[in-house]
file upload.cif (mmCIF, N, CA and C atoms)
data_start
loop_
_atom_site.label_atom_id
_atom_site.label_comp_id
_atom_site.auth_asym_id
_atom_site.auth_seq_id
_atom_site.Cartn_x
_atom_site.Cartn_y
_atom_site.Cartn_z
N MET A 1 0.84 -1.18 0.00
CA MET A 1 0.00 0.00 0.00
C MET A 1 0.89 1.25 0.00
N VAL A 2 0.49 2.24 -0.75
CA VAL A 2 1.26 3.46 -0.89
C VAL A 2 0.96 4.39 0.29
N ASN A 3 2.01 4.96 0.86
CA ASN A 3 1.83 5.96 1.91
C ASN A 3 1.61 7.32 1.25
N HIS A 4 0.51 7.93 1.58
CA HIS A 4 0.20 9.24 1.00
C HIS A 4 0.54 10.35 1.99
N THR A 5 1.06 11.41 1.45
CA THR A 5 1.34 12.59 2.26
C THR A 5 0.26 13.63 1.95
N ILE A 6 0.22 14.64 2.74
CA ILE A 6 -0.73 15.73 2.47
C ILE A 6 -0.46 16.32 1.10
N GLU A 7 0.82 16.47 0.77
CA GLU A 7 1.20 17.04 -0.53
C GLU A 7 0.79 16.12 -1.69
N SER A 8 1.03 14.82 -1.57
CA SER A 8 0.67 13.91 -2.66
C SER A 8 -0.85 13.82 -2.82
N CYS A 9 -1.59 13.88 -1.72
CA CYS A 9 -3.05 13.88 -1.81
C CYS A 9 -3.56 15.14 -2.50
N ALA A 10 -2.96 16.27 -2.16
CA ALA A 10 -3.35 17.54 -2.78
C ALA A 10 -3.08 17.51 -4.29
N LYS A 11 -1.93 16.96 -4.67
CA LYS A 11 -1.61 16.86 -6.10
C LYS A 11 -2.57 15.91 -6.81
N ALA A 12 -2.91 14.80 -6.15
CA ALA A 12 -3.85 13.84 -6.74
C ALA A 12 -5.22 14.48 -6.93
N LYS A 13 -5.69 15.22 -5.92
CA LYS A 13 -6.99 15.89 -6.04
C LYS A 13 -6.97 16.91 -7.17
N MET A 14 -5.87 17.63 -7.32
CA MET A 14 -5.77 18.62 -8.39
C MET A 14 -5.80 17.93 -9.76
N ALA A 15 -5.11 16.81 -9.88
CA ALA A 15 -5.08 16.09 -11.16
C ALA A 15 -6.47 15.55 -11.50
N ILE A 16 -7.16 15.02 -10.51
CA ILE A 16 -8.52 14.50 -10.75
C ILE A 16 -9.45 15.64 -11.12
N ARG A 17 -9.35 16.76 -10.44
CA ARG A 17 -10.17 17.93 -10.76
C ARG A 17 -9.89 18.41 -12.18
N ASP A 18 -8.62 18.46 -12.56
CA ASP A 18 -8.26 18.87 -13.93
C ASP A 18 -8.89 17.93 -14.96
N THR A 19 -8.82 16.63 -14.69
CA THR A 19 -9.40 15.65 -15.61
C THR A 19 -10.90 15.85 -15.72
N LEU A 20 -11.57 16.00 -14.59
CA LEU A 20 -13.02 16.18 -14.61
C LEU A 20 -13.42 17.49 -15.29
N ASP A 21 -12.60 18.50 -15.18
CA ASP A 21 -12.89 19.76 -15.87
C ASP A 21 -12.93 19.56 -17.39
N ILE A 22 -12.11 18.65 -17.89
CA ILE A 22 -12.02 18.43 -19.33
C ILE A 22 -13.04 17.41 -19.82
N VAL A 23 -13.22 16.30 -19.12
CA VAL A 23 -14.10 15.22 -19.62
C VAL A 23 -15.32 14.99 -18.76
N GLY A 24 -15.49 15.80 -17.72
CA GLY A 24 -16.63 15.60 -16.83
C GLY A 24 -17.95 15.96 -17.50
N GLY A 25 -19.01 15.66 -16.82
CA GLY A 25 -20.33 15.94 -17.36
C GLY A 25 -20.90 14.71 -18.04
N LYS A 26 -22.07 14.87 -18.55
CA LYS A 26 -22.84 13.75 -19.10
C LYS A 26 -22.40 13.34 -20.50
N TRP A 27 -21.82 14.24 -21.28
CA TRP A 27 -21.71 13.99 -22.71
C TRP A 27 -20.33 13.74 -23.29
N LYS A 28 -19.28 14.31 -22.74
CA LYS A 28 -17.99 14.29 -23.42
C LYS A 28 -17.46 12.88 -23.66
N LEU A 29 -17.50 12.03 -22.66
CA LEU A 29 -16.99 10.67 -22.85
C LEU A 29 -17.89 9.87 -23.80
N ILE A 30 -19.20 10.15 -23.78
CA ILE A 30 -20.11 9.50 -24.73
C ILE A 30 -19.74 9.93 -26.16
N LEU A 31 -19.49 11.21 -26.36
CA LEU A 31 -19.13 11.70 -27.69
C LEU A 31 -17.80 11.10 -28.16
N ILE A 32 -16.85 10.98 -27.25
CA ILE A 32 -15.58 10.34 -27.61
C ILE A 32 -15.83 8.90 -28.02
N SER A 33 -16.66 8.22 -27.28
CA SER A 33 -16.99 6.83 -27.60
C SER A 33 -17.63 6.71 -28.98
N VAL A 34 -18.57 7.61 -29.29
CA VAL A 34 -19.23 7.60 -30.60
C VAL A 34 -18.23 7.89 -31.71
N LEU A 35 -17.33 8.82 -31.48
CA LEU A 35 -16.36 9.21 -32.50
C LEU A 35 -15.23 8.19 -32.69
N GLN A 36 -15.12 7.22 -31.79
CA GLN A 36 -14.07 6.21 -31.95
C GLN A 36 -14.27 5.37 -33.21
N SER A 37 -15.49 5.33 -33.74
CA SER A 37 -15.72 4.57 -34.97
C SER A 37 -15.41 5.37 -36.23
N GLY A 38 -15.00 6.64 -36.06
CA GLY A 38 -14.60 7.43 -37.22
C GLY A 38 -15.29 8.78 -37.28
N LYS A 39 -15.00 9.52 -38.35
CA LYS A 39 -15.56 10.86 -38.54
C LYS A 39 -17.07 10.81 -38.55
N LYS A 40 -17.66 11.88 -38.01
CA LYS A 40 -19.11 11.99 -38.00
C LYS A 40 -19.51 13.43 -38.29
N GLY A 41 -20.63 13.57 -38.96
CA GLY A 41 -21.20 14.88 -39.15
C GLY A 41 -21.97 15.30 -37.91
N PHE A 42 -22.31 16.57 -37.82
CA PHE A 42 -22.99 17.12 -36.65
C PHE A 42 -24.30 16.39 -36.38
N ASN A 43 -25.15 16.27 -37.40
CA ASN A 43 -26.45 15.63 -37.20
C ASN A 43 -26.32 14.16 -36.84
N GLU A 44 -25.36 13.50 -37.44
CA GLU A 44 -25.10 12.09 -37.14
C GLU A 44 -24.69 11.93 -35.67
N LEU A 45 -23.81 12.81 -35.22
CA LEU A 45 -23.39 12.79 -33.81
C LEU A 45 -24.58 13.04 -32.88
N SER A 46 -25.41 13.99 -33.24
CA SER A 46 -26.58 14.31 -32.43
C SER A 46 -27.49 13.10 -32.30
N ARG A 47 -27.73 12.41 -33.40
CA ARG A 47 -28.59 11.21 -33.38
C ARG A 47 -27.97 10.09 -32.58
N GLU A 48 -26.70 9.75 -32.88
CA GLU A 48 -26.06 8.60 -32.24
C GLU A 48 -25.87 8.79 -30.74
N ALA A 49 -25.60 10.01 -30.33
CA ALA A 49 -25.39 10.26 -28.90
C ALA A 49 -26.70 10.63 -28.19
N ALA A 50 -27.76 10.83 -28.97
CA ALA A 50 -29.06 11.25 -28.42
C ALA A 50 -28.91 12.53 -27.59
N ILE A 51 -28.31 13.53 -28.22
CA ILE A 51 -28.03 14.81 -27.56
C ILE A 51 -28.62 15.93 -28.40
N SER A 52 -29.16 16.94 -27.76
CA SER A 52 -29.76 18.05 -28.49
C SER A 52 -28.67 18.83 -29.23
N PRO A 53 -29.02 19.42 -30.37
CA PRO A 53 -28.03 20.18 -31.13
C PRO A 53 -27.39 21.32 -30.33
N ARG A 54 -28.15 22.00 -29.50
CA ARG A 54 -27.60 23.11 -28.72
C ARG A 54 -26.53 22.62 -27.75
N ILE A 55 -26.81 21.54 -27.03
CA ILE A 55 -25.84 21.00 -26.08
C ILE A 55 -24.65 20.41 -26.83
N LEU A 56 -24.92 19.72 -27.94
CA LEU A 56 -23.84 19.13 -28.74
C LEU A 56 -22.87 20.20 -29.21
N SER A 57 -23.38 21.30 -29.70
CA SER A 57 -22.53 22.39 -30.17
C SER A 57 -21.61 22.89 -29.06
N LYS A 58 -22.16 23.08 -27.88
CA LYS A 58 -21.38 23.55 -26.73
C LYS A 58 -20.31 22.53 -26.34
N GLU A 59 -20.69 21.26 -26.28
CA GLU A 59 -19.74 20.21 -25.90
C GLU A 59 -18.61 20.10 -26.92
N LEU A 60 -18.95 20.14 -28.21
CA LEU A 60 -17.94 20.02 -29.25
C LEU A 60 -16.97 21.20 -29.23
N GLN A 61 -17.48 22.39 -28.96
CA GLN A 61 -16.60 23.57 -28.86
C GLN A 61 -15.59 23.39 -27.73
N GLU A 62 -16.07 22.91 -26.58
CA GLU A 62 -15.17 22.70 -25.45
C GLU A 62 -14.15 21.59 -25.75
N MET A 63 -14.61 20.53 -26.40
CA MET A 63 -13.71 19.42 -26.73
C MET A 63 -12.66 19.85 -27.75
N GLU A 64 -13.06 20.69 -28.70
CA GLU A 64 -12.11 21.20 -29.69
C GLU A 64 -11.09 22.12 -29.01
N MET A 65 -11.57 22.97 -28.11
CA MET A 65 -10.70 23.89 -27.39
C MET A 65 -9.65 23.12 -26.56
N ASN A 66 -10.02 21.95 -26.07
CA ASN A 66 -9.11 21.15 -25.25
C ASN A 66 -8.33 20.10 -26.06
N GLY A 67 -8.43 20.18 -27.38
CA GLY A 67 -7.62 19.33 -28.24
C GLY A 67 -8.08 17.89 -28.38
N LEU A 68 -9.35 17.61 -28.04
CA LEU A 68 -9.84 16.23 -28.12
C LEU A 68 -10.48 15.90 -29.46
N VAL A 69 -11.07 16.90 -30.11
CA VAL A 69 -11.68 16.68 -31.43
C VAL A 69 -11.21 17.76 -32.39
N SER A 70 -11.25 17.42 -33.66
CA SER A 70 -10.97 18.41 -34.70
C SER A 70 -12.24 18.58 -35.53
N ARG A 71 -12.37 19.76 -36.09
CA ARG A 71 -13.56 20.14 -36.84
C ARG A 71 -13.12 20.51 -38.25
N LYS A 72 -13.80 19.95 -39.24
CA LYS A 72 -13.47 20.26 -40.63
C LYS A 72 -14.74 20.71 -41.34
N VAL A 73 -14.71 21.92 -41.87
CA VAL A 73 -15.83 22.43 -42.65
C VAL A 73 -15.65 21.94 -44.07
N CYS A 74 -16.63 21.21 -44.58
CA CYS A 74 -16.55 20.63 -45.93
C CYS A 74 -17.13 21.61 -46.95
N ASP A 75 -16.54 21.60 -48.12
CA ASP A 75 -16.96 22.48 -49.20
C ASP A 75 -18.12 21.83 -49.94
N THR A 76 -19.27 21.79 -49.28
CA THR A 76 -20.47 21.19 -49.87
C THR A 76 -21.60 22.20 -49.79
N LYS A 77 -22.66 21.91 -50.50
CA LYS A 77 -23.87 22.74 -50.42
C LYS A 77 -25.01 21.83 -50.02
N PRO A 78 -25.64 22.05 -48.90
CA PRO A 78 -25.26 23.03 -47.88
C PRO A 78 -23.94 22.65 -47.20
N VAL A 79 -23.35 23.62 -46.54
CA VAL A 79 -22.08 23.38 -45.86
C VAL A 79 -22.28 22.33 -44.78
N THR A 80 -21.36 21.37 -44.73
CA THR A 80 -21.41 20.36 -43.68
C THR A 80 -20.11 20.42 -42.88
N VAL A 81 -20.19 19.91 -41.67
CA VAL A 81 -19.02 19.90 -40.78
C VAL A 81 -18.79 18.48 -40.31
N GLN A 82 -17.55 18.05 -40.37
CA GLN A 82 -17.16 16.72 -39.90
C GLN A 82 -16.31 16.86 -38.64
N TYR A 83 -16.56 15.98 -37.69
CA TYR A 83 -15.78 15.95 -36.45
C TYR A 83 -15.08 14.63 -36.35
N GLU A 84 -13.85 14.67 -35.82
CA GLU A 84 -13.12 13.44 -35.57
C GLU A 84 -12.22 13.62 -34.36
N LEU A 85 -11.85 12.50 -33.77
CA LEU A 85 -10.97 12.53 -32.61
C LEU A 85 -9.56 12.90 -33.05
N THR A 86 -8.86 13.59 -32.20
CA THR A 86 -7.46 13.91 -32.45
C THR A 86 -6.59 12.79 -31.87
N PRO A 87 -5.35 12.71 -32.27
CA PRO A 87 -4.45 11.73 -31.65
C PRO A 87 -4.36 11.93 -30.12
N TYR A 88 -4.46 13.19 -29.67
CA TYR A 88 -4.39 13.46 -28.23
C TYR A 88 -5.53 12.79 -27.46
N SER A 89 -6.69 12.65 -28.10
CA SER A 89 -7.83 12.01 -27.42
C SER A 89 -7.53 10.57 -27.04
N GLN A 90 -6.59 9.94 -27.73
CA GLN A 90 -6.24 8.55 -27.42
C GLN A 90 -5.61 8.41 -26.04
N THR A 91 -5.16 9.52 -25.46
CA THR A 91 -4.61 9.45 -24.11
C THR A 91 -5.69 9.11 -23.09
N LEU A 92 -6.96 9.18 -23.51
CA LEU A 92 -8.08 8.83 -22.63
C LEU A 92 -8.52 7.37 -22.78
N ASP A 93 -7.88 6.61 -23.66
CA ASP A 93 -8.29 5.23 -23.91
C ASP A 93 -8.31 4.39 -22.63
N ASP A 94 -7.28 4.49 -21.81
CA ASP A 94 -7.25 3.70 -20.57
C ASP A 94 -8.37 4.11 -19.62
N VAL A 95 -8.69 5.40 -19.59
CA VAL A 95 -9.78 5.89 -18.74
C VAL A 95 -11.10 5.29 -19.21
N LEU A 96 -11.35 5.35 -20.52
CA LEU A 96 -12.60 4.80 -21.06
C LEU A 96 -12.70 3.30 -20.84
N THR A 97 -11.61 2.59 -21.04
CA THR A 97 -11.60 1.14 -20.84
C THR A 97 -11.90 0.81 -19.39
N ALA A 98 -11.27 1.52 -18.46
CA ALA A 98 -11.51 1.28 -17.03
C ALA A 98 -12.96 1.58 -16.67
N MET A 99 -13.51 2.67 -17.21
CA MET A 99 -14.90 3.02 -16.91
C MET A 99 -15.87 2.00 -17.49
N GLU A 100 -15.58 1.52 -18.69
CA GLU A 100 -16.43 0.50 -19.31
C GLU A 100 -16.41 -0.78 -18.48
N LYS A 101 -15.24 -1.21 -18.08
CA LYS A 101 -15.10 -2.43 -17.27
C LYS A 101 -15.86 -2.29 -15.96
N TRP A 102 -15.66 -1.15 -15.28
CA TRP A 102 -16.34 -0.94 -14.01
C TRP A 102 -17.86 -0.88 -14.22
N GLY A 103 -18.29 -0.23 -15.30
CA GLY A 103 -19.72 -0.12 -15.59
C GLY A 103 -20.38 -1.47 -15.79
N PHE A 104 -19.71 -2.38 -16.52
CA PHE A 104 -20.24 -3.73 -16.69
C PHE A 104 -20.34 -4.45 -15.35
N GLN A 105 -19.28 -4.35 -14.55
CA GLN A 105 -19.28 -5.00 -13.23
C GLN A 105 -20.39 -4.44 -12.35
N HIS A 106 -20.53 -3.14 -12.36
CA HIS A 106 -21.55 -2.51 -11.52
C HIS A 106 -22.96 -2.92 -11.96
N ARG A 107 -23.21 -2.90 -13.26
CA ARG A 107 -24.52 -3.30 -13.77
C ARG A 107 -24.85 -4.72 -13.35
N ASN A 108 -23.87 -5.63 -13.49
CA ASN A 108 -24.09 -7.03 -13.08
C ASN A 108 -24.38 -7.11 -11.58
N LYS A 109 -23.69 -6.32 -10.81
CA LYS A 109 -23.92 -6.32 -9.36
C LYS A 109 -25.33 -5.84 -9.04
N ILE A 110 -25.78 -4.81 -9.72
CA ILE A 110 -27.14 -4.28 -9.51
C ILE A 110 -28.17 -5.33 -9.92
N ILE A 111 -27.96 -5.96 -11.07
CA ILE A 111 -28.90 -6.97 -11.55
C ILE A 111 -29.00 -8.13 -10.58
N GLN A 112 -27.86 -8.53 -10.03
CA GLN A 112 -27.83 -9.65 -9.08
C GLN A 112 -28.27 -9.24 -7.68
N GLY A 113 -28.38 -7.98 -7.44
CA GLY A 113 -28.71 -7.47 -6.11
C GLY A 113 -27.44 -7.17 -5.35
N ILE A 114 -27.30 -5.93 -4.91
CA ILE A 114 -26.07 -5.51 -4.21
C ILE A 114 -25.93 -6.29 -2.92
N LYS A 115 -24.72 -6.81 -2.71
CA LYS A 115 -24.42 -7.56 -1.49
C LYS A 115 -23.15 -7.07 -0.90
#
call {"tool": "encode", "arguments": {"input": "upload.cif", "output": "structure tokens"}}
result
Amino acid sequence: MVNHTIESCAKAKMAIRDTLDIVGGKWKLILISVLQSGKKGFNELSREAAISPRILSKELQEMEMNGLVSRKVCDTKPVTVQYELTPYSQTLDDVLTAMEKWGFQHRNKIIQGIK
């Protein structure tokens, strides 16, 4: 077991807070999960994630600002926009895998009755 100091706990809390500031909330990790299958248009993302266009726009702006997604305006009529994950977003792969694993375990525990 690791011995924690006040300083190491403070640093850990700061790191967790920083992470939650970037990927916290209801939608960002869902959007990353949807985009893992490839580029998506705005409406396609809205449908697949079941998110309203207004909220989706806000989430995508924040994700782009933090380097998780890139936005490409296509030269089409009407103008379309494609979103895709950046290489930097792959740094969250272990986080998503751990959350998925825990989520499956938790769901099974709930179905079986918490003991």
call {"tool": "closest_atom_pairs", "arguments": {"input": "upload.cif", "of": "segment 81-105 of chain A", "to": "segment 9-30 of chain A", "cutoff": "12 Å", "atoms": "only C-alpha atoms", "output": "CSV"}}
result
residue,atom,partner,partner_atom,distance
A:Leu85,CA,A:Leu29,CA,11.6
A:Ser89,CA,A:Leu29,CA,10.3
A:Gln90,CA,A:Leu29,CA,11.9
A:Thr91,CA,A:Thr19,CA,11.6
A:Leu92,CA,A:Leu29,CA,9.1
A:Asp93,CA,A:Leu29,CA,10.3
A:Val95,CA,A:Leu29,CA,9.6
A:Leu96,CA,A:Leu29,CA,7.5
A:Thr97,CA,A:Leu29,CA,11.1
A:Met99,CA,A:Leu29,CA,9.9
A:Glu100,CA,A:Leu29,CA,10.8
call {"tool": "atom_distance", "arguments": {"input": "upload.cif", "atom1": "atom C of Asn66 of chain A", "atom2": "atom C of Thr86 of chain A"}}
result
9.5 Å
call {"tool": "resolve_selection", "arguments": {"input": "upload.cif", "expression": "the PyMOL selection byres ((chain A and resi 70-84) around 8)", "output": "PyMOL selection string"}}
result
chain A and resi 35-36+38-43+63-65+67-69+85-87
call {"tool": "write_last_selection", "arguments": {"input": "upload.cif", "atoms": "N, CA and C atoms", "output": "JSON list (two decimals), keeping the file's coordinate frame"}}
result
[["chain", "number", "residue", "atom", "x", "y", "z"],
["A", 35, "LEU", "N", -17.33, 8.82, -31.48],
["A", 35, "LEU", "CA", -16.36, 9.21, -32.50],
["A", 35, "LEU", "C", -15.23, 8.19, -32.69],
["A", 36, "GLN", "N", -15.12, 7.22, -31.79],
["A", 36, "GLN", "CA", -14.07, 6.21, -31.95],
["A", 36, "GLN", "C", -14.27, 5.37, -33.21],
["A", 38, "GLY", "N", -15.00, 6.64, -36.06],
["A", 38, "GLY", "CA", -14.60, 7.43, -37.22],
["A", 38, "GLY", "C", -15.29, 8.78, -37.28],
["A", 39, "LYS", "N", -15.00, 9.52, -38.35],
["A", 39, "LYS", "CA", -15.56, 10.86, -38.54],
["A", 39, "LYS", "C", -17.07, 10.81, -38.55],
["A", 40, "LYS", "N", -17.66, 11.88, -38.01],
["A", 40, "LYS", "CA", -19.11, 11.99, -38.00],
["A", 40, "LYS", "C", -19.51, 13.43, -38.29],
["A", 41, "GLY", "N", -20.63, 13.57, -38.96],
["A", 41, "GLY", "CA", -21.20, 14.88, -39.15],
["A", 41, "GLY", "C", -21.97, 15.30, -37.91],
["A", 42, "PHE", "N", -22.31, 16.57, -37.82],
["A", 42, "PHE", "CA", -22.99, 17.12, -36.65],
["A", 42, "PHE", "C", -24.30, 16.39, -36.38],
["A", 43, "ASN", "N", -25.15, 16.27, -37.40],
["A", 43, "ASN", "CA", -26.45, 15.63, -37.20],
["A", 43, "ASN", "C", -26.32, 14.16, -36.84],
["A", 63, "MET", "N", -14.61, 20.53, -26.40],
["A", 63, "MET", "CA", -13.71, 19.42, -26.73],
["A", 63, "MET", "C", -12.66, 19.85, -27.75],
["A", 64, "GLU", "N", -13.06, 20.69, -28.70],
["A", 64, "GLU", "CA", -12.11, 21.20, -29.69],
["A", 64, "GLU", "C", -11.09, 22.12, -29.01],
["A", 65, "MET", "N", -11.57, 22.97, -28.11],
["A", 65, "MET", "CA", -10.70, 23.89, -27.39],
["A", 65, "MET", "C", -9.65, 23.12, -26.56],
["A", 67, "GLY", "N", -8.43, 20.18, -27.38],
["A", 67, "GLY", "CA", -7.62, 19.33, -28.24],
["A", 67, "GLY", "C", -8.08, 17.89, -28.38],
["A", 68, "LEU", "N", -9.35, 17.61, -28.04],
["A", 68, "LEU", "CA", -9.84, 16.23, -28.12],
["A", 68, "LEU", "C", -10.48, 15.90, -29.46],
["A", 69, "VAL", "N", -11.07, 16.90, -30.11],
["A", 69, "VAL", "CA", -11.68, 16.68, -31.43],
["A", 69, "VAL", "C", -11.21, 17.76, -32.39],
["A", 85, "LEU", "N", -11.85, 12.50, -33.77],
["A", 85, "LEU", "CA", -10.97, 12.53, -32.61],
["A", 85, "LEU", "C", -9.56, 12.90, -33.05],
["A", 86, "THR", "N", -8.86, 13.59, -32.20],
["A", 86, "THR", "CA", -7.46, 13.91, -32.45],
["A", 86, "THR", "C", -6.59, 12.79, -31.87],
["A", 87, "PRO", "N", -5.35, 12.71, -32.27],
["A", 87, "PRO", "CA", -4.45, 11.73, -31.65],
["A", 87, "PRO", "C", -4.36, 11.93, -30.12]]
call {"tool": "atom_distance", "arguments": {"input": "upload.cif", "atom1": "atom CA of Ser52 of chain A", "atom2": "atom C of Leu31 of chain A"}}
result
13.8 Å
call {"tool": "atom_distance", "arguments": {"input": "upload.cif", "atom1": "atom CA of Ile32 of chain A", "atom2": "atom CA of Arg107 of chain A"}}
result
21.4 Å
call {"tool": "select_by_dssp", "arguments": {"input": "upload.cif", "residues": "chain A", "states": "alpha helix (DSSP H)", "output": "number ranges by chain"}}
result
A: 6-23, 28-35, 42-49, 53-65, 93-112
call {"tool": "select_by_dssp", "arguments": {"input": "upload.cif", "residues": "chain A", "states": "strand (DSSP E or B)", "output": "VMD selection string"}}
result
chain A and resid 40 to 41 69 to 74 80 to 85
call {"tool": "build_atoms", "arguments": {"input": "upload.cif", "residues": "segment 23-31 of chain A", "atoms": "all heavy atoms", "output": "mmCIF file, in the coordinates of the input"}}
result
data_model
loop_
_atom_site.group_PDB
_atom_site.id
_atom_site.type_symbol
_atom_site.label_atom_id
_atom_site.label_comp_id
_atom_site.auth_asym_id
_atom_site.auth_seq_id
_atom_site.Cartn_x
_atom_site.Cartn_y
_atom_site.Cartn_z
ATOM 1 N N VAL A 23 -13.220 16.300 -19.120
ATOM 2 C CA VAL A 23 -14.100 15.220 -19.620
ATOM 3 C C VAL A 23 -15.320 14.990 -18.760
ATOM 4 O O VAL A 23 -16.102 14.071 -19.026
ATOM 5 C CB VAL A 23 -13.327 13.895 -19.796
ATOM 6 C CG1 VAL A 23 -12.235 14.025 -20.821
ATOM 7 C CG2 VAL A 23 -12.802 13.383 -18.468
ATOM 8 N N GLY A 24 -15.490 15.800 -17.720
ATOM 9 C CA GLY A 24 -16.630 15.600 -16.830
ATOM 10 C C GLY A 24 -17.950 15.960 -17.500
ATOM 11 O O GLY A 24 -17.986 16.510 -18.597
ATOM 12 N N GLY A 25 -19.010 15.660 -16.820
ATOM 13 C CA GLY A 25 -20.330 15.940 -17.360
ATOM 14 C C GLY A 25 -20.900 14.710 -18.040
ATOM 15 O O GLY A 25 -20.280 13.653 -18.112
ATOM 16 N N LYS A 26 -22.070 14.870 -18.550
ATOM 17 C CA LYS A 26 -22.840 13.750 -19.100
ATOM 18 C C LYS A 26 -22.400 13.340 -20.500
ATOM 19 O O LYS A 26 -22.575 12.185 -20.876
ATOM 20 C CB LYS A 26 -24.309 14.163 -19.108
ATOM 21 C CG LYS A 26 -25.268 13.118 -19.545
ATOM 22 C CD LYS A 26 -26.689 13.625 -19.407
ATOM 23 C CE LYS A 26 -27.682 12.591 -19.873
ATOM 24 N NZ LYS A 26 -29.063 13.060 -19.733
ATOM 25 N N TRP A 27 -21.820 14.240 -21.280
ATOM 26 C CA TRP A 27 -21.710 13.990 -22.710
ATOM 27 C C TRP A 27 -20.330 13.740 -23.290
ATOM 28 O O TRP A 27 -20.197 13.053 -24.291
ATOM 29 C CB TRP A 27 -22.356 15.161 -23.466
ATOM 30 C CG TRP A 27 -23.802 15.277 -23.158
ATOM 31 C CD1 TRP A 27 -24.408 16.260 -22.430
ATOM 32 C CD2 TRP A 27 -24.835 14.370 -23.537
ATOM 33 N NE1 TRP A 27 -25.748 16.018 -22.329
ATOM 34 C CE2 TRP A 27 -26.042 14.865 -23.001
ATOM 35 C CE3 TRP A 27 -24.857 13.192 -24.267
ATOM 36 C CZ2 TRP A 27 -27.253 14.223 -23.183
ATOM 37 C CZ3 TRP A 27 -26.070 12.544 -24.447
ATOM 38 C CH2 TRP A 27 -27.247 13.060 -23.911
ATOM 39 N N LYS A 28 -19.280 14.310 -22.740
ATOM 40 C CA LYS A 28 -17.990 14.290 -23.420
ATOM 41 C C LYS A 28 -17.460 12.880 -23.660
ATOM 42 O O LYS A 28 -17.001 12.554 -24.763
ATOM 43 C CB LYS A 28 -16.976 15.148 -22.680
ATOM 44 C CG LYS A 28 -17.291 16.635 -22.854
ATOM 45 C CD LYS A 28 -16.262 17.513 -22.234
ATOM 46 C CE LYS A 28 -16.605 18.960 -22.430
ATOM 47 N NZ LYS A 28 -17.630 19.461 -21.523
ATOM 48 N N LEU A 29 -17.500 12.030 -22.660
ATOM 49 C CA LEU A 29 -16.990 10.670 -22.850
ATOM 50 C C LEU A 29 -17.890 9.870 -23.800
ATOM 51 O O LEU A 29 -17.401 9.030 -24.562
ATOM 52 C CB LEU A 29 -16.821 9.961 -21.512
ATOM 53 C CG LEU A 29 -15.720 10.554 -20.621
ATOM 54 C CD1 LEU A 29 -15.701 9.875 -19.257
ATOM 55 C CD2 LEU A 29 -14.359 10.447 -21.282
ATOM 56 N N ILE A 30 -19.200 10.150 -23.780
ATOM 57 C CA ILE A 30 -20.110 9.500 -24.730
ATOM 58 C C ILE A 30 -19.740 9.930 -26.160
ATOM 59 O O ILE A 30 -19.679 9.095 -27.068
ATOM 60 C CB ILE A 30 -21.583 9.884 -24.431
ATOM 61 C CG1 ILE A 30 -22.013 9.382 -23.061
ATOM 62 C CG2 ILE A 30 -22.520 9.400 -25.531
ATOM 63 C CD1 ILE A 30 -22.030 7.889 -22.897
ATOM 64 N N LEU A 31 -19.490 11.210 -26.360
ATOM 65 C CA LEU A 31 -19.130 11.700 -27.690
ATOM 66 C C LEU A 31 -17.800 11.100 -28.160
ATOM 67 O O LEU A 31 -17.659 10.725 -29.320
ATOM 68 C CB LEU A 31 -19.060 13.233 -27.702
ATOM 69 C CG LEU A 31 -20.419 13.923 -27.545
ATOM 70 C CD1 LEU A 31 -20.241 15.414 -27.309
ATOM 71 C CD2 LEU A 31 -21.289 13.653 -28.761
#
